[in-house]
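Heads up, the thing below is written out as structure tokens.
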Amino acid sequence: MDGKNRADIYPGLEVDIILKKDQRSGKLTRGIVANLLTSSAFHSRGIKVRLEDGQIGRVAEIVED
């Protein structure tokens with residue numbers, strides 16, 4: 001599942017994000033969502049989140065169990 005819909009993302013969810021510095025390479029960083037930073041219901045490049053370790057990026061993929 002992609003991370004473009006805000007309704008699909010919530011604190012505690014495991015996700016892969018793209019950090020600003022990794023946008024060109026597309027390198028993914030995995031972590032747990034601490035809070036959502038995008039207020040709109042949909043974002044074409046992914047909902048922006050802060051991970052529990054403090055890193056900020058846009059959700060590329062929601063990790064399925």
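In the structure tokens, each chain is lettered A, B, ... as it comes, each chain's residues begin at 1, and ligands are numbered from 1 in order of appearance.
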
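The environment of His43 in chain A within 12 Å, counting only C-alpha atoms and disregarding residues fewer than 6 places along the same chain, consists of Asp2, Gly3, Lys4, Asn5, Arg6, Ala7, Leu37, Val49, Arg58, Val59 and Ala60 of chain A.
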
I'd like the contact shell of Ile56 in chain A - 12 Å cut-off, only C-alpha atoms, skipping same-chain residues fewer than 4 positions apart - returned as a ChimeraX atom specification. /A:15-22,28-38,47-52

Report as a PyMOL selection string: the residues of chain A with a DSSP assignment of strand (DSSP E), based on the backbone of this structure. chain A and resi 14-19+29-36+48-51+56-62

Write the residues of the selection above to a file with N, CA and C atoms, as a PDB file, in the first residue's frame.
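again-v6.pdb, freshly written:
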```pdb
ATOM      1  N   GLU A  14       4.269   0.840  10.988  1.00  0.00           N
ATOM      2  CA  GLU A  14       5.596   0.674  10.387  1.00  0.00           C
ATOM      3  C   GLU A  14       5.525   1.051   8.913  1.00  0.00           C
ATOM      4  N   VAL A  15       6.411   1.959   8.497  1.00  0.00           N
ATOM      5  CA  VAL A  15       6.395   2.472   7.126  1.00  0.00           C
ATOM      6  C   VAL A  15       7.810   2.590   6.575  1.00  0.00           C
ATOM      7  N   ASP A  16       7.908   2.683   5.251  1.00  0.00           N
ATOM      8  CA  ASP A  16       9.144   3.049   4.574  1.00  0.00           C
ATOM      9  C   ASP A  16       8.956   4.473   4.079  1.00  0.00           C
ATOM     10  N   ILE A  17       9.905   5.355   4.412  1.00  0.00           N
ATOM     11  CA  ILE A  17       9.812   6.745   3.976  1.00  0.00           C
ATOM     12  C   ILE A  17      11.005   7.096   3.089  1.00  0.00           C
ATOM     13  N   ILE A  18      10.841   8.166   2.315  1.00  0.00           N
ATOM     14  CA  ILE A  18      11.946   8.735   1.552  1.00  0.00           C
ATOM     15  C   ILE A  18      12.315  10.045   2.218  1.00  0.00           C
ATOM     16  N   LEU A  19      13.551  10.122   2.701  1.00  0.00           N
ATOM     17  CA  LEU A  19      14.045  11.343   3.305  1.00  0.00           C
ATOM     18  C   LEU A  19      14.337  12.362   2.215  1.00  0.00           C
ATOM     19  N   THR A  29      13.865   4.470   4.009  1.00  0.00           N
ATOM     20  CA  THR A  29      14.227   4.353   5.421  1.00  0.00           C
ATOM     21  C   THR A  29      13.007   3.804   6.152  1.00  0.00           C
ATOM     22  N   ARG A  30      13.201   2.712   6.893  1.00  0.00           N
ATOM     23  CA  ARG A  30      12.083   2.082   7.604  1.00  0.00           C
ATOM     24  C   ARG A  30      12.004   2.583   9.039  1.00  0.00           C
ATOM     25  N   GLY A  31      10.790   2.770   9.518  1.00  0.00           N
ATOM     26  CA  GLY A  31      10.620   3.207  10.891  1.00  0.00           C
ATOM     27  C   GLY A  31       9.163   3.195  11.305  1.00  0.00           C
ATOM     28  N   ILE A  32       8.933   3.621  12.543  1.00  0.00           N
ATOM     29  CA  ILE A  32       7.591   3.662  13.127  1.00  0.00           C
ATOM     30  C   ILE A  32       7.119   5.118  13.160  1.00  0.00           C
ATOM     31  N   VAL A  33       5.901   5.362  12.700  1.00  0.00           N
ATOM     32  CA  VAL A  33       5.349   6.719  12.665  1.00  0.00           C
ATOM     33  C   VAL A  33       5.132   7.235  14.088  1.00  0.00           C
ATOM     34  N   ALA A  34       5.678   8.433  14.365  1.00  0.00           N
ATOM     35  CA  ALA A  34       5.424   9.100  15.640  1.00  0.00           C
ATOM     36  C   ALA A  34       4.251  10.059  15.477  1.00  0.00           C
ATOM     37  N   ASN A  35       4.280  10.885  14.404  1.00  0.00           N
ATOM     38  CA  ASN A  35       3.145  11.759  14.120  1.00  0.00           C
ATOM     39  C   ASN A  35       3.125  12.165  12.651  1.00  0.00           C
ATOM     40  N   LEU A  36       1.949  12.609  12.214  1.00  0.00           N
ATOM     41  CA  LEU A  36       1.735  13.003  10.824  1.00  0.00           C
ATOM     42  C   LEU A  36       1.934  14.505  10.701  1.00  0.00           C
ATOM     43  N   LYS A  48       3.658  13.331   4.643  1.00  0.00           N
ATOM     44  CA  LYS A  48       4.889  13.596   5.391  1.00  0.00           C
ATOM     45  C   LYS A  48       4.678  13.209   6.850  1.00  0.00           C
ATOM     46  N   VAL A  49       5.634  12.456   7.390  1.00  0.00           N
ATOM     47  CA  VAL A  49       5.548  11.983   8.778  1.00  0.00           C
ATOM     48  C   VAL A  49       6.884  12.178   9.498  1.00  0.00           C
ATOM     49  N   ARG A  50       6.815  12.156  10.822  1.00  0.00           N
ATOM     50  CA  ARG A  50       8.019  12.108  11.659  1.00  0.00           C
ATOM     51  C   ARG A  50       8.059  10.718  12.269  1.00  0.00           C
ATOM     52  N   LEU A  51       9.208  10.061  12.147  1.00  0.00           N
ATOM     53  CA  LEU A  51       9.380   8.738  12.744  1.00  0.00           C
ATOM     54  C   LEU A  51       9.729   8.876  14.222  1.00  0.00           C
ATOM     55  N   ILE A  56      12.332  12.805   9.354  1.00  0.00           N
ATOM     56  CA  ILE A  56      11.130  13.283   8.680  1.00  0.00           C
ATOM     57  C   ILE A  56      11.232  12.973   7.192  1.00  0.00           C
ATOM     58  N   GLY A  57      10.141  12.439   6.639  1.00  0.00           N
ATOM     59  CA  GLY A  57      10.109  12.143   5.216  1.00  0.00           C
ATOM     60  C   GLY A  57       8.698  11.819   4.766  1.00  0.00           C
ATOM     61  N   ARG A  58       8.581  11.530   3.474  1.00  0.00           N
ATOM     62  CA  ARG A  58       7.271  11.197   2.913  1.00  0.00           C
ATOM     63  C   ARG A  58       7.117   9.677   2.821  1.00  0.00           C
ATOM     64  N   VAL A  59       5.929   9.186   3.183  1.00  0.00           N
ATOM     65  CA  VAL A  59       5.670   7.750   3.178  1.00  0.00           C
ATOM     66  C   VAL A  59       5.650   7.233   1.744  1.00  0.00           C
ATOM     67  N   ALA A  60       6.523   6.277   1.467  1.00  0.00           N
ATOM     68  CA  ALA A  60       6.573   5.644   0.152  1.00  0.00           C
ATOM     69  C   ALA A  60       5.767   4.345   0.156  1.00  0.00           C
ATOM     70  N   GLU A  61       5.794   3.643   1.285  1.00  0.00           N
ATOM     71  CA  GLU A  61       5.161   2.329   1.376  1.00  0.00           C
ATOM     72  C   GLU A  61       4.778   2.049   2.819  1.00  0.00           C
ATOM     73  N   ILE A  62       3.608   1.445   2.984  1.00  0.00           N
ATOM     74  CA  ILE A  62       3.186   0.984   4.299  1.00  0.00           C
ATOM     75  C   ILE A  62       3.600  -0.484   4.397  1.00  0.00           C
TER      76      ILE A  62
END
```

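Counting from CA of Gly46 in chain A, the distance to CA of Gly12 in chain A is 17.4 Å.
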
Please extract the residues of chain A with a backbone DSSP assignment of helix (DSSP H, G or I) and present them as a short mmCIF file (atom, residue, chain, number, x, y, z; two decimals) with N, CA and C atoms, in the first residue's frame.
```
data_model
loop_
_atom_site.label_atom_id
_atom_site.label_comp_id
_atom_site.auth_asym_id
_atom_site.auth_seq_id
_atom_site.Cartn_x
_atom_site.Cartn_y
_atom_site.Cartn_z
N ARG A 6 -3.98 10.02 3.85
CA ARG A 6 -3.74 10.27 5.28
C ARG A 6 -4.50 9.28 6.16
N ALA A 7 -5.67 8.85 5.71
CA ALA A 7 -6.51 7.94 6.49
C ALA A 7 -5.84 6.58 6.73
N ASP A 8 -4.89 6.20 5.86
CA ASP A 8 -4.22 4.91 5.98
C ASP A 8 -3.05 4.92 6.96
N LYS A 20 14.33 13.64 2.55
CA LYS A 20 14.59 14.71 1.58
C LYS A 20 15.92 14.47 0.86
N LYS A 21 16.96 14.09 1.61
CA LYS A 21 18.29 13.89 1.02
C LYS A 21 18.34 12.66 0.11
N ASP A 22 17.36 11.77 0.22
CA ASP A 22 17.35 10.54 -0.58
C ASP A 22 16.37 10.59 -1.74
#
```

With distances taken over only C-alpha atoms, which of A:Asp53, A:Val63, A:Met1, A:Ile9 is nearest to Ala41 in chain A?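 Checking each of A:Asp53, A:Val63, A:Met1, A:Ile9 against Ala41 in chain A, counting only C-alpha atoms, the winner is A:Ile9.
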